[in-house]
file query-v3.txt (compact mmCIF, C-alpha atoms)
# COMPACT_ATOMS: atom_id res chain seq x y z
CA MET I 1 -5.99 15.16 2.93
CA LYS I 2 -5.13 11.49 2.44
CA ARG I 3 -7.65 11.23 -0.37
CA PHE I 4 -6.18 14.34 -1.95
CA THR I 5 -2.68 12.84 -1.79
CA LEU I 6 -3.85 9.61 -3.37
CA THR I 7 -5.73 11.44 -6.12
CA PHE I 8 -2.64 13.52 -6.78
CA LEU I 9 -0.46 10.41 -7.11
CA ILE I 10 -2.95 8.77 -9.44
CA LEU I 11 -3.00 11.85 -11.66
CA ILE I 12 0.80 11.75 -11.82
CA TYR I 13 0.56 8.05 -12.74
CA LEU I 14 -1.90 8.78 -15.53
CA ALA I 15 0.12 11.72 -16.85
CA ALA I 16 3.35 9.73 -16.79
CA SER I 17 1.67 6.79 -18.51
CA LEU I 18 0.55 8.94 -21.40
CA SER I 19 3.86 10.72 -21.82
CA CYS I 20 6.29 7.79 -21.70
CA SER I 21 7.73 6.29 -24.85
CA GLN I 22 7.33 2.61 -25.60
CA VAL I 23 9.84 0.26 -23.98
CA LYS I 24 11.18 -2.31 -26.46
CA PRO I 25 11.31 -6.04 -25.61
CA TRP I 26 15.12 -6.09 -25.51
CA GLN I 27 15.04 -3.32 -22.90
CA LYS I 28 12.98 -5.35 -20.45
CA GLY I 29 15.73 -7.42 -18.83
CA THR I 30 15.50 -5.60 -15.50
CA LEU I 31 11.71 -5.71 -15.57
CA SER I 32 11.84 -9.51 -15.59
CA LEU I 33 13.55 -9.66 -12.20
CA ASN I 34 11.38 -11.11 -9.44
CA PRO I 35 11.21 -7.96 -7.26
CA MET I 36 9.92 -5.97 -10.26
CA LYS I 37 6.68 -7.97 -10.39
CA VAL I 38 3.75 -5.82 -9.33
CA ASP I 39 1.97 -8.75 -7.69
CA ASP I 40 2.79 -9.92 -4.18
CA CYS I 41 5.23 -12.78 -3.75
CA LEU I 42 3.60 -16.16 -3.06
CA ILE I 43 4.03 -16.18 0.71
CA HIS I 44 2.77 -12.63 1.18
CA ARG I 45 -0.76 -14.11 1.09
CA PHE I 46 -0.47 -15.14 4.75
CA GLU I 47 0.14 -11.58 5.93
CA ARG I 48 -2.58 -10.24 3.63
CA ASN I 49 -5.03 -12.69 5.13
CA SER I 50 -4.40 -11.58 8.70
CA GLU I 51 -4.34 -7.89 7.75
CA VAL I 52 -7.73 -8.17 6.07
CA TYR I 53 -9.40 -9.51 9.19
CA ARG I 54 -7.46 -7.52 11.77
CA GLU I 55 -8.15 -4.26 9.96
CA GLY I 56 -11.67 -4.76 8.68
CA ALA I 57 -10.62 -3.37 5.32
CA ALA I 58 -10.62 -5.87 2.44
CA GLY I 59 -10.25 -5.38 -1.30
CA GLY I 60 -7.70 -3.72 -3.55
CA ASN I 61 -5.27 -6.59 -3.29
CA GLY I 62 -6.15 -6.78 0.34
CA GLY I 63 -7.02 -10.47 0.12
CA LYS I 64 -10.26 -12.32 -0.17
CA SER I 65 -13.47 -10.88 1.17
CA GLY I 66 -15.51 -14.05 1.24
CA GLY I 67 -15.11 -17.76 1.55
CA GLY I 68 -14.93 -18.26 5.26
CA CYS I 69 -12.79 -16.62 7.82
CA GLY I 70 -9.97 -18.65 9.32
CA CYS I 71 -9.41 -15.80 11.71
CA SER I 72 -11.48 -16.33 14.86
CA MET L 73 -27.71 -33.07 0.36
CA PHE L 74 -25.91 -29.78 -0.20
CA LEU L 75 -23.36 -30.74 2.45
CA ILE L 76 -22.74 -34.09 0.74
CA ILE L 77 -22.05 -32.29 -2.56
CA HIS L 78 -19.63 -29.95 -0.78
CA ARG L 79 -17.76 -32.83 0.81
CA THR L 80 -17.62 -34.76 -2.46
CA LEU L 81 -16.24 -31.73 -4.31
CA ALA L 82 -13.60 -31.20 -1.62
CA THR L 83 -12.54 -34.85 -1.71
CA LEU L 84 -12.30 -34.86 -5.51
CA ALA L 85 -10.28 -31.64 -5.52
CA ALA L 86 -7.91 -32.93 -2.86
CA THR L 87 -7.43 -36.23 -4.70
CA ALA L 88 -6.80 -34.46 -7.99
CA LEU L 89 -4.22 -32.22 -6.36
CA LEU L 90 -2.38 -35.08 -4.72
CA PHE L 91 -2.13 -37.17 -7.88
CA ALA L 92 -1.75 -34.35 -10.38
CA PRO L 93 2.07 -34.00 -10.07
CA LEU L 94 2.58 -37.70 -10.86
CA ALA L 95 0.41 -37.55 -13.94
CA PHE L 96 2.03 -34.35 -15.12
CA ALA L 97 5.57 -35.65 -14.54
CA GLN L 98 4.92 -38.47 -16.99
CA GLU L 99 4.26 -35.99 -19.74
CA ASN L 100 7.33 -34.00 -18.70
CA GLN L 101 5.54 -30.72 -19.26
CA GLY L 102 6.05 -27.56 -17.25
CA VAL L 103 5.00 -28.57 -13.76
CA GLN L 104 5.62 -26.28 -10.81
CA ILE L 105 5.00 -27.35 -7.26
CA ASP L 106 5.19 -25.00 -4.29
CA PHE L 107 4.91 -25.82 -0.62
CA LEU L 108 4.06 -22.79 1.49
CA GLY L 109 3.72 -22.55 5.24
CA SER L 110 3.01 -19.93 7.85
CA TYR L 111 3.09 -19.58 11.62
CA TYR L 112 1.00 -16.72 13.08
CA ASP L 113 0.97 -15.69 16.74
CA GLN L 114 -1.29 -12.92 18.03
CA ASP L 115 -2.03 -11.35 21.40
CA GLY L 116 -4.23 -8.56 22.71
CA ASP L 117 -6.74 -7.73 25.45
CA ASN L 118 -9.88 -6.66 23.61
CA SER L 119 -11.53 -9.79 22.33
CA PRO L 120 -14.99 -9.18 20.85
CA VAL L 121 -15.93 -12.72 21.83
CA THR L 122 -15.99 -11.48 25.42
CA GLY L 123 -17.51 -8.07 24.72
CA GLY L 124 -14.26 -6.21 24.02
CA ARG L 125 -12.56 -7.35 27.23
CA GLY L 126 -10.41 -10.45 27.33
CA SER L 127 -7.57 -12.23 25.64
CA GLU L 128 -7.14 -12.19 21.88
CA GLU L 129 -4.32 -14.73 22.09
CA LEU L 130 -4.30 -16.93 19.00
CA GLN L 131 -1.86 -19.06 17.05
CA SER L 132 -2.34 -20.37 13.55
CA ILE L 133 -0.32 -22.79 11.42
CA SER L 134 -1.18 -22.80 7.71
CA PRO L 135 0.30 -25.24 5.20
CA VAL L 136 -0.55 -24.64 1.52
CA PHE L 137 0.24 -26.87 -1.45
CA LEU L 138 0.22 -25.39 -4.98
CA VAL L 139 0.52 -27.15 -8.34
CA LYS L 140 0.77 -25.40 -11.68
CA TYR L 141 0.92 -27.18 -15.01
CA THR L 142 1.35 -25.73 -18.49
CA THR L 143 0.09 -27.93 -21.31
CA LYS L 144 1.58 -28.18 -24.79
CA SER L 145 -1.39 -26.26 -26.12
CA GLY L 146 -0.70 -23.37 -23.74
CA TRP L 147 -3.26 -23.94 -21.01
CA ASN L 148 -2.19 -23.05 -17.48
CA LEU L 149 -3.87 -25.35 -14.97
CA SER L 150 -3.34 -24.84 -11.28
CA GLY L 151 -4.63 -26.18 -8.01
CA MET L 152 -4.29 -25.21 -4.39
CA LEU L 153 -4.98 -27.13 -1.20
CA GLY L 154 -4.45 -25.63 2.23
CA ALA L 155 -5.51 -25.45 5.83
CA ASP L 156 -5.52 -23.00 8.74
CA ASN L 157 -5.06 -24.73 12.08
CA ILE L 158 -6.07 -22.21 14.68
CA THR L 159 -5.69 -22.42 18.45
CA SER L 160 -8.52 -19.98 18.82
CA ALA L 161 -8.39 -18.93 22.43
CA SER L 162 -10.69 -16.04 21.65
CA THR L 163 -13.40 -18.18 20.10
CA ASP L 164 -12.94 -20.64 22.93
CA ASN L 165 -14.16 -17.97 25.29
CA MET L 166 -17.67 -18.53 24.02
CA ASP L 167 -19.89 -19.90 26.73
CA LEU L 168 -20.04 -23.68 26.91
CA ASP L 169 -23.00 -25.36 25.29
CA ALA L 170 -25.80 -27.12 27.16
CA ASN L 171 -23.62 -30.22 27.60
CA GLY L 172 -20.68 -28.27 28.92
CA VAL L 173 -18.75 -28.80 25.71
CA ASN L 174 -16.63 -26.04 24.27
CA VAL L 175 -18.11 -25.48 20.84
CA SER L 176 -14.87 -24.35 19.28
CA GLY L 177 -13.25 -27.74 19.45
CA ALA L 178 -12.39 -30.16 22.19
CA SER L 179 -8.71 -29.26 22.03
CA ARG L 180 -9.19 -25.50 21.65
CA ASN L 181 -8.42 -26.00 18.00
CA ASP L 182 -10.30 -25.01 14.85
CA THR L 183 -9.36 -26.01 11.34
CA ARG L 184 -10.31 -24.33 8.12
CA VAL L 185 -9.55 -26.23 4.91
CA PHE L 186 -9.63 -24.60 1.51
CA THR L 187 -9.00 -25.57 -2.09
CA ASN L 188 -9.03 -23.83 -5.42
CA LEU L 189 -8.75 -25.02 -9.02
CA SER L 190 -8.11 -22.69 -11.92
CA ALA L 191 -7.44 -22.75 -15.64
CA GLY L 192 -6.32 -20.05 -18.05
CA ARG L 193 -5.00 -19.61 -21.54
CA ARG L 194 -3.57 -16.89 -23.72
CA PHE L 195 -5.40 -16.11 -26.97
CA GLY L 196 -3.24 -13.63 -28.86
CA ALA L 197 -3.01 -10.51 -26.73
CA GLN L 198 -5.73 -11.70 -24.40
CA ASN L 199 -5.67 -13.98 -21.37
CA TRP L 200 -8.82 -15.76 -20.19
CA GLY L 201 -9.16 -17.74 -17.00
CA GLY L 202 -11.61 -19.21 -14.55
CA SER L 203 -11.53 -20.75 -11.09
CA ILE L 204 -13.63 -22.60 -8.55
CA GLY L 205 -13.00 -22.78 -4.83
CA PHE L 206 -14.22 -24.39 -1.66
CA SER L 207 -13.55 -23.82 2.03
CA LYS L 208 -14.89 -25.27 5.25
CA GLU L 209 -14.63 -24.28 8.89
CA TYR L 210 -16.50 -25.65 11.89
CA ASP L 211 -19.33 -23.15 11.43
CA TYR L 212 -18.78 -22.18 7.82
CA THR L 213 -18.99 -23.71 4.33
CA SER L 214 -18.14 -21.71 1.26
CA ILE L 215 -18.00 -22.27 -2.49
CA SER L 216 -16.76 -19.77 -5.04
CA ALA L 217 -16.37 -19.27 -8.77
CA GLY L 218 -14.40 -16.64 -10.64
CA LEU L 219 -13.51 -15.35 -14.09
CA ASN L 220 -10.62 -13.16 -15.18
CA TRP L 221 -9.55 -11.51 -18.38
CA SER L 222 -6.61 -9.35 -19.42
CA LEU L 223 -5.43 -7.60 -22.55
CA ASP L 224 -1.87 -6.59 -23.50
CA PHE L 225 -1.38 -3.62 -25.78
CA ASN L 226 1.12 -0.89 -26.65
CA GLY L 227 3.87 -3.43 -27.33
CA LYS L 228 3.05 -5.27 -24.08
CA ASN L 229 3.84 -2.13 -22.13
CA ASP L 230 0.24 -1.88 -20.93
CA THR L 231 -2.09 -4.52 -19.57
CA ILE L 232 -5.64 -4.02 -18.46
CA GLY L 233 -7.33 -6.71 -16.44
CA LEU L 234 -10.79 -7.56 -15.18
CA ALA L 235 -11.59 -10.15 -12.51
CA ALA L 236 -14.80 -11.23 -10.84
CA THR L 237 -15.33 -13.76 -8.05
CA HIS L 238 -18.56 -14.79 -6.39
CA TYR L 239 -18.71 -16.51 -2.98
CA GLN L 240 -21.68 -18.37 -1.57
CA ASP L 241 -21.27 -19.04 2.17
CA ASP L 242 -23.47 -21.04 4.52
CA ILE L 243 -23.11 -20.29 8.21
CA GLU L 244 -24.13 -22.12 11.35
CA LEU L 245 -25.07 -19.45 13.85
CA TYR L 246 -23.33 -20.20 17.15
CA ASN L 247 -24.72 -17.63 19.55
CA ILE L 248 -22.96 -16.08 22.55
CA HIS L 249 -24.02 -19.06 24.67
CA GLY L 250 -22.30 -21.46 22.28
CA ILE L 251 -25.56 -22.91 21.01
CA VAL L 252 -26.38 -23.29 17.33
CA ASP L 253 -29.22 -20.88 16.77
CA GLY L 254 -30.17 -21.67 13.18
CA THR L 255 -28.34 -21.20 9.90
CA ASP L 256 -28.00 -18.36 7.45
CA SER L 257 -26.07 -17.46 4.32
CA ARG L 258 -23.89 -14.79 2.86
CA GLU L 259 -23.17 -13.82 -0.73
CA THR L 260 -20.12 -11.84 -1.75
CA THR L 261 -19.14 -10.58 -5.18
CA ASP L 262 -15.70 -9.12 -5.80
CA LEU L 263 -14.86 -7.14 -8.94
CA SER L 264 -11.52 -5.65 -9.83
CA LEU L 265 -10.20 -3.55 -12.67
CA SER L 266 -6.45 -3.12 -13.05
CA TRP L 267 -4.04 -1.33 -15.32
CA THR L 268 -0.34 -2.20 -15.41
CA HIS L 269 2.04 0.12 -17.24
CA VAL L 270 5.74 -0.08 -18.06
CA PHE L 271 7.03 3.46 -17.62
CA SER L 272 10.64 2.80 -18.54
CA PRO L 273 13.13 -0.12 -18.69
CA LYS L 274 13.48 0.33 -14.92
CA THR L 275 9.99 1.32 -13.74
CA VAL L 276 6.66 -0.47 -13.73
CA GLY L 277 3.41 0.52 -12.03
CA MET L 278 -0.06 -0.78 -11.41
CA LEU L 279 -3.36 0.87 -10.60
CA GLU L 280 -6.18 -1.33 -9.35
CA TYR L 281 -9.72 -0.50 -8.33
CA SER L 282 -11.79 -3.13 -6.63
CA VAL L 283 -15.28 -3.27 -5.24
CA SER L 284 -16.74 -5.94 -3.00
CA ASP L 285 -20.44 -6.31 -2.36
CA ALA L 286 -21.61 -8.57 0.47
CA SER L 287 -25.10 -9.36 1.66
CA GLY L 288 -26.68 -11.75 4.13
CA TRP L 289 -25.41 -12.59 7.62
CA LEU L 290 -22.37 -10.33 8.08
CA SER L 291 -21.95 -10.30 11.85
CA SER L 292 -20.31 -12.93 14.05
CA PRO L 293 -23.15 -14.22 16.23
CA PHE L 294 -20.81 -15.44 18.99
CA GLN L 295 -19.33 -11.96 19.49
CA GLU L 296 -20.68 -10.12 22.52
CA VAL L 297 -21.49 -6.50 23.29
CA ILE L 298 -21.72 -5.20 26.86
CA LEU L 299 -24.49 -2.59 26.99
CA GLN L 300 -24.66 0.45 29.28
CA ASP L 301 -26.86 -1.40 31.78
CA GLY L 302 -24.30 -4.22 31.98
CA SER L 303 -26.33 -6.74 30.04
CA VAL L 304 -24.52 -8.84 27.46
CA VAL L 305 -26.01 -9.25 23.98
CA GLN L 306 -25.00 -10.57 20.59
CA GLU L 307 -23.36 -8.06 18.22
CA ARG L 308 -25.64 -6.60 15.58
CA LEU L 309 -24.42 -5.39 12.19
CA PRO L 310 -26.11 -4.49 8.88
CA ASP L 311 -26.90 -7.26 6.41
CA ALA L 312 -25.17 -5.55 3.49
CA ARG L 313 -21.80 -3.97 2.91
CA THR L 314 -20.09 -2.43 -0.10
CA ARG L 315 -16.36 -1.91 0.02
CA ASN L 316 -14.15 0.05 -2.38
CA ALA L 317 -10.39 0.06 -2.62
CA LEU L 318 -7.89 1.77 -4.85
CA ARG L 319 -4.36 0.41 -4.98
CA PHE L 320 -1.31 2.00 -6.54
CA SER L 321 1.97 0.11 -6.86
CA LEU L 322 5.24 1.40 -8.28
CA ASN L 323 8.46 -0.61 -8.58
CA HIS L 324 11.70 1.08 -9.62
CA ALA L 325 15.14 -0.44 -10.18
CA PHE L 326 17.75 2.11 -9.12
CA SER L 327 20.32 -0.42 -10.28
CA GLU L 328 20.53 -4.15 -10.98
CA ARG L 329 21.27 -4.60 -7.27
CA PHE L 330 18.73 -2.27 -5.68
CA ILE L 331 15.00 -2.26 -6.38
CA LEU L 332 12.39 -0.29 -4.48
CA ARG L 333 8.86 -1.68 -4.25
CA THR L 334 6.15 0.72 -3.07
CA TYR L 335 2.43 0.26 -2.49
CA LEU L 336 -0.33 2.70 -1.59
CA ARG L 337 -3.93 1.80 -0.92
CA HIS L 338 -7.06 3.76 -0.07
CA TYR L 339 -10.15 2.02 1.24
CA ASP L 340 -13.69 3.02 2.16
CA ASP L 341 -16.99 1.26 2.73
CA ASP L 342 -20.60 2.00 3.57
CA TRP L 343 -20.05 1.10 7.22
CA GLU L 344 -18.15 4.42 7.27
CA ILE L 345 -14.70 2.84 7.52
CA THR L 346 -11.92 4.58 5.62
CA ALA L 347 -8.33 3.42 5.60
CA ASP L 348 -4.98 4.19 3.99
CA SER L 349 -1.98 1.91 3.80
CA ILE L 350 1.57 2.36 2.60
CA GLU L 351 4.14 -0.37 2.10
CA ILE L 352 7.81 -0.09 1.23
CA GLU L 353 10.15 -2.98 0.44
CA PRO L 354 13.67 -2.07 -0.74
CA TYR L 355 15.27 -5.17 -2.30
CA PHE L 356 19.05 -5.61 -2.05
CA LYS L 357 20.74 -8.17 -4.25
CA LEU L 358 23.20 -10.38 -2.40
CA GLY L 359 24.55 -12.06 -5.51
CA GLY L 360 23.17 -14.54 -8.00
CA ASP L 361 19.40 -14.47 -7.65
CA ARG L 362 19.42 -13.95 -3.87
CA TRP L 363 17.57 -10.94 -2.51
CA LEU L 364 17.27 -9.57 1.01
CA TYR L 365 14.71 -6.91 1.85
CA PRO L 366 13.38 -5.10 4.90
CA ILE L 367 9.60 -4.75 5.15
CA PHE L 368 7.74 -1.68 6.32
CA ARG L 369 3.99 -1.09 6.39
CA TYR L 370 1.85 1.65 7.95
CA HIS L 371 -1.94 1.50 8.11
CA SER L 372 -4.32 4.16 9.37
CA GLN L 373 -8.02 3.44 9.77
CA ASP L 374 -11.05 5.55 10.72
CA GLY L 375 -13.54 3.18 12.26
CA SER L 376 -17.20 2.46 11.89
CA ASP L 377 -19.88 4.12 14.02
CA HIS L 378 -21.15 0.62 14.71
CA PHE L 379 -18.12 0.06 16.96
CA GLY L 380 -18.13 1.10 20.59
CA LEU L 381 -16.15 0.39 23.74
CA PRO L 382 -17.85 -1.80 26.36
CA GLU L 383 -20.87 -0.10 28.01
CA THR L 384 -21.20 2.47 25.19
CA PHE L 385 -24.42 1.34 23.54
CA THR L 386 -27.97 0.99 24.78
CA ALA L 387 -30.38 -1.70 23.64
CA ASP L 388 -32.11 0.92 21.47
CA ALA L 389 -29.13 1.25 19.15
CA ARG L 390 -29.77 -0.24 15.73
CA TYR L 391 -26.26 -1.67 15.33
CA TYR L 392 -23.43 -2.35 17.75
CA THR L 393 -20.21 -4.30 17.97
CA ALA L 394 -17.15 -4.48 20.23
CA ASP L 395 -14.94 -5.76 17.43
CA ARG L 396 -11.81 -3.57 17.38
CA ASP L 397 -11.08 -4.64 13.81
CA LEU L 398 -13.83 -2.15 12.88
CA SER L 399 -12.54 0.65 15.13
CA THR L 400 -10.21 3.63 14.62
CA PHE L 401 -6.52 2.76 14.94
CA ASP L 402 -3.06 2.98 13.39
CA SER L 403 -0.85 -0.02 12.88
CA MET L 404 2.76 -0.64 11.90
CA LYS L 405 4.44 -3.71 10.48
CA PHE L 406 8.19 -4.32 10.36
CA GLY L 407 10.04 -7.31 9.07
CA VAL L 408 12.58 -8.84 6.80
CA GLY L 409 12.35 -11.10 3.77
CA TYR L 410 14.75 -13.27 1.82
CA GLU L 411 14.21 -14.97 -1.51
CA VAL L 412 16.13 -17.02 -4.02
CA SER L 413 14.95 -17.79 -7.53
CA GLY L 414 16.34 -19.32 -10.71
CA ARG L 415 18.39 -21.96 -8.87
CA GLU L 416 19.88 -24.97 -10.60
CA GLY L 417 18.51 -28.37 -9.58
CA ARG L 418 15.08 -29.50 -8.44
CA ILE L 419 14.51 -26.77 -5.86
CA LYS L 420 14.09 -23.74 -8.08
CA ARG L 421 13.08 -21.12 -5.56
CA TYR L 422 12.58 -20.50 -1.88
CA GLN L 423 11.50 -17.53 0.15
CA VAL L 424 10.94 -16.58 3.76
CA ARG L 425 9.35 -13.57 5.48
CA ALA L 426 9.24 -12.67 9.16
CA THR L 427 7.13 -9.72 10.31
CA TYR L 428 6.03 -8.09 13.55
CA TYR L 429 2.71 -6.23 13.62
CA ASP L 430 1.78 -3.63 16.23
CA ARG L 431 -1.66 -1.99 16.47
CA ASP L 432 -1.99 1.05 18.73
CA ASP L 433 -4.87 -0.52 20.69
CA GLY L 434 -2.50 -3.15 22.05
CA LEU L 435 -2.91 -5.94 19.51
CA THR L 436 0.41 -7.42 18.41
CA SER L 437 1.28 -10.34 16.17
CA PHE L 438 4.23 -12.18 14.69
CA ASN L 439 4.17 -13.96 11.35
CA LEU L 440 6.76 -16.32 9.92
CA SER L 441 6.10 -17.68 6.44
CA PHE L 442 8.14 -19.65 3.93
CA GLY L 443 7.84 -21.22 0.51
CA ILE L 444 9.81 -23.82 -1.46
CA GLY L 445 9.26 -24.33 -5.18
CA PHE L 446 10.12 -27.29 -7.40
CA ASN L 447 9.99 -27.78 -11.15
CA LEU L 448 9.36 -31.34 -12.34
call {"tool": "encode", "arguments": {"input": "query-v3.txt", "output": "structure tokens"}}
result
Amino acid sequence: MKRFTLTFLILIYLAASLSCSQVKPWQKGTLSLNPMKVDDCLIHRFERNSEVYREGAAGGNGGKSGGGCGCS
Amino acid sequence: MFLIIHRTLATLAATALLFAPLAFAQENQGVQIDFLGSYYDQDGDNSPVTGGRGSEELQSISPVFLVKYTTKSGWNLSGMLGADNITSASTDNMDLDANGVNVSGASRNDTRVFTNLSAGRRFGAQNWGGSIGFSKEYDYTSISAGLNWSLDFNGKNDTIGLAATHYQDDIELYNIHGIVDGTDSRETTDLSLSWTHVFSPKTVGMLEYSVSDASGWLSSPFQEVILQDGSVVQERLPDARTRNALRFSLNHAFSERFILRTYLRHYDDDWEITADSIEIEPYFKLGGDRWLYPIFRYHSQDGSDHFGLPETFTADARYYTADRDLSTFDSMKFGVGYEVSGREGRIKRYQVRATYYDRDDGLTSFNLSFGIGFNL
């Protein structure tokens, strides 16, 4: 069920991507705001690190999967 | 010899990072410096170091120093130096070694140091970059190298990206009696493919698929398993693991003062773990460039068959572990964050996040992290 939901959302993403018109540079003021960045903020790395090891599920922006532990 | 090379590389990287800001300031180019820090406090009663029974209490303090420099010719050079200082009560529950010394550190304290250097440059619509990294813990030495590439198209409304990182880890095998029982290695290769798309002037999304392939020594040799007959043995896990994850992020600005950040992630691996996560962060503008946001995260995981409660497995089982991180559970995270950017003066940005994490097997944790950024 969860996989179905995720697949469904991805299909919506793909469909929406193909159908949207191009956004012009002068229309991107809001997109330049910090919260609109798709990457995590700098200090989010600390939570990602602990989540990776406490949940045994790394990858997909889930933090590093090698290079030592630091978790004990 | 290999260890000497590692230590020399780490010393050179640390020295370069410490003196880099001074050198850059003389040229008055775009230099950004960020100091980050985190305090992490965890507790629970199912430590795998004591066979799935025992305290998981742990605190960690992690300072990180970042430098980023943009040259006149457009190169972005950056360096990172950091450490995790861990009061690892769980690891300290390893048996004492033959001399009665606690192998995890005389003061119940372990330290992991890590550094990373990277360089990247834009060539037309493309971005190319590379990085090298190093980390060291009392039983662990790791070096890494990575490459990344991205391409903008459709009027910079779409970006596809590729990234690859390879880790080479050397491990000292502390067994459940706290004695070094040889050495081994681990190799990990991470690959990711991402696609970022601007849907509208107020909506941006990202889809990312990543795969991680690890081989070599993948278990923690000091973690115990209590078998059905009461005997205590070292955990045993496969020597290879392939992990897949699909991430979907969507950020939408309902207005200039309210932005909703969402994140979905599906994960599975060949140890039969599957997991789904959802994160929501609604940002509220307080004025200027100050933002306040609550944090919510829900994670649901179906565990590996290699996991079992104490006294589940027999010695005949091929693999077994008491590590709850590989088990079935749900977890929730709540918190609040605050950030300021675009300030006048030397301090250009600062941010803070405080979160509480609750896993339904009893593990809880608190994390407080902050960052301050300067432009020279």
call {"tool": "atom_distance", "arguments": {"input": "query-v3.txt", "atom1": "CA of Ser372 in chain L", "atom2": "CA of Tyr53 in chain I"}}
result
14.6 Å
call {"tool": "residues_around", "arguments": {"input": "query-v3.txt", "residues": "Tyr392 in chain L", "least_positions_apart": "6", "cutoff": "12 Å", "atoms": "all atoms listed in the file", "output": "PyMOL selection string"}}
result
chain L and resi 120+123-124+291-293+295-300+304-310+343+376-386+398-399
call {"tool": "write_last_selection", "arguments": {"input": "query-v3.txt", "atoms": "C-alpha atoms", "output": "PDB file, keeping the file's coordinate frame"}}
result
ATOM      1  CA  PRO L 120     -14.990  -9.180  20.850  1.00  0.00           C
ATOM      2  CA  GLY L 123     -17.510  -8.070  24.720  1.00  0.00           C
ATOM      3  CA  GLY L 124     -14.260  -6.210  24.020  1.00  0.00           C
ATOM      4  CA  SER L 291     -21.950 -10.300  11.850  1.00  0.00           C
ATOM      5  CA  SER L 292     -20.310 -12.930  14.050  1.00  0.00           C
ATOM      6  CA  PRO L 293     -23.150 -14.220  16.230  1.00  0.00           C
ATOM      7  CA  GLN L 295     -19.330 -11.960  19.490  1.00  0.00           C
ATOM      8  CA  GLU L 296     -20.680 -10.120  22.520  1.00  0.00           C
ATOM      9  CA  VAL L 297     -21.490  -6.500  23.290  1.00  0.00           C
ATOM     10  CA  ILE L 298     -21.720  -5.200  26.860  1.00  0.00           C
ATOM     11  CA  LEU L 299     -24.490  -2.590  26.990  1.00  0.00           C
ATOM     12  CA  GLN L 300     -24.660   0.450  29.280  1.00  0.00           C
ATOM     13  CA  VAL L 304     -24.520  -8.840  27.460  1.00  0.00           C
ATOM     14  CA  VAL L 305     -26.010  -9.250  23.980  1.00  0.00           C
ATOM     15  CA  GLN L 306     -25.000 -10.570  20.590  1.00  0.00           C
ATOM     16  CA  GLU L 307     -23.360  -8.060  18.220  1.00  0.00           C
ATOM     17  CA  ARG L 308     -25.640  -6.600  15.580  1.00  0.00           C
ATOM     18  CA  LEU L 309     -24.420  -5.390  12.190  1.00  0.00           C
ATOM     19  CA  PRO L 310     -26.110  -4.490   8.880  1.00  0.00           C
ATOM     20  CA  TRP L 343     -20.050   1.100   7.220  1.00  0.00           C
ATOM     21  CA  SER L 376     -17.200   2.460  11.890  1.00  0.00           C
ATOM     22  CA  ASP L 377     -19.880   4.120  14.020  1.00  0.00           C
ATOM     23  CA  HIS L 378     -21.150   0.620  14.710  1.00  0.00           C
ATOM     24  CA  PHE L 379     -18.120   0.060  16.960  1.00  0.00           C
ATOM     25  CA  GLY L 380     -18.130   1.100  20.590  1.00  0.00           C
ATOM     26  CA  LEU L 381     -16.150   0.390  23.740  1.00  0.00           C
ATOM     27  CA  PRO L 382     -17.850  -1.800  26.360  1.00  0.00           C
ATOM     28  CA  GLU L 383     -20.870  -0.100  28.010  1.00  0.00           C
ATOM     29  CA  THR L 384     -21.200   2.470  25.190  1.00  0.00           C
ATOM     30  CA  PHE L 385     -24.420   1.340  23.540  1.00  0.00           C
ATOM     31  CA  THR L 386     -27.970   0.990  24.780  1.00  0.00           C
ATOM     32  CA  LEU L 398     -13.830  -2.150  12.880  1.00  0.00           C
ATOM     33  CA  SER L 399     -12.540   0.650  15.130  1.00  0.00           C
TER      34      SER L 399
END
call {"tool": "residues_near_point", "arguments": {"input": "query-v3.txt", "point": "(-10.5, -5.1, 19.3)", "cutoff": "7 Å", "atoms": "all atoms listed in the file", "output": "mmCIF file with C-alpha atoms, keeping the file's coordinate frame"}}
result
data_model
loop_
_atom_site.group_PDB
_atom_site.id
_atom_site.type_symbol
_atom_site.label_atom_id
_atom_site.label_comp_id
_atom_site.auth_asym_id
_atom_site.auth_seq_id
_atom_site.Cartn_x
_atom_site.Cartn_y
_atom_site.Cartn_z
ATOM 1 C CA ASN L 118 -9.880 -6.660 23.610
ATOM 2 C CA SER L 119 -11.530 -9.790 22.330
ATOM 3 C CA PRO L 120 -14.990 -9.180 20.850
ATOM 4 C CA GLY L 124 -14.260 -6.210 24.020
ATOM 5 C CA ALA L 394 -17.150 -4.480 20.230
ATOM 6 C CA ASP L 395 -14.940 -5.760 17.430
ATOM 7 C CA ARG L 396 -11.810 -3.570 17.380
ATOM 8 C CA ASP L 397 -11.080 -4.640 13.810
#
call {"tool": "residues_around", "arguments": {"input": "query-v3.txt", "residues": "Tyr428 in chain L", "least_positions_apart": "5", "cutoff": "7 Å", "atoms": "only C-alpha atoms", "output": "list in words"}}
result
Lys405, Phe406, Gly407, Ser437, Phe438 and Asn439 of chain L
call {"tool": "atom_distance", "arguments": {"input": "query-v3.txt", "atom1": "CA of Glu328 in chain L", "atom2": "CA of Ile232 in chain L"}}
result
27.2 Å
call {"tool": "atom_distance", "arguments": {"input": "query-v3.txt", "atom1": "CA of His338 in chain L", "atom2": "CA of Arg319 in chain L"}}
result
6.5 Å
call {"tool": "closest_residue", "arguments": {"input": "query-v3.txt", "among": "I:Phe46, I:Trp26, I:Leu31, I:Arg54", "to": "Phe326 in chain L", "atoms": "only C-alpha atoms"}}
result
I:Leu31
call {"tool": "closest_residue", "arguments": {"input": "query-v3.txt", "among": "I:Asp39, I:His44, I:Leu11, I:Glu55", "to": "chain L", "atoms": "all atoms listed in the file"}}
result
I:Glu55
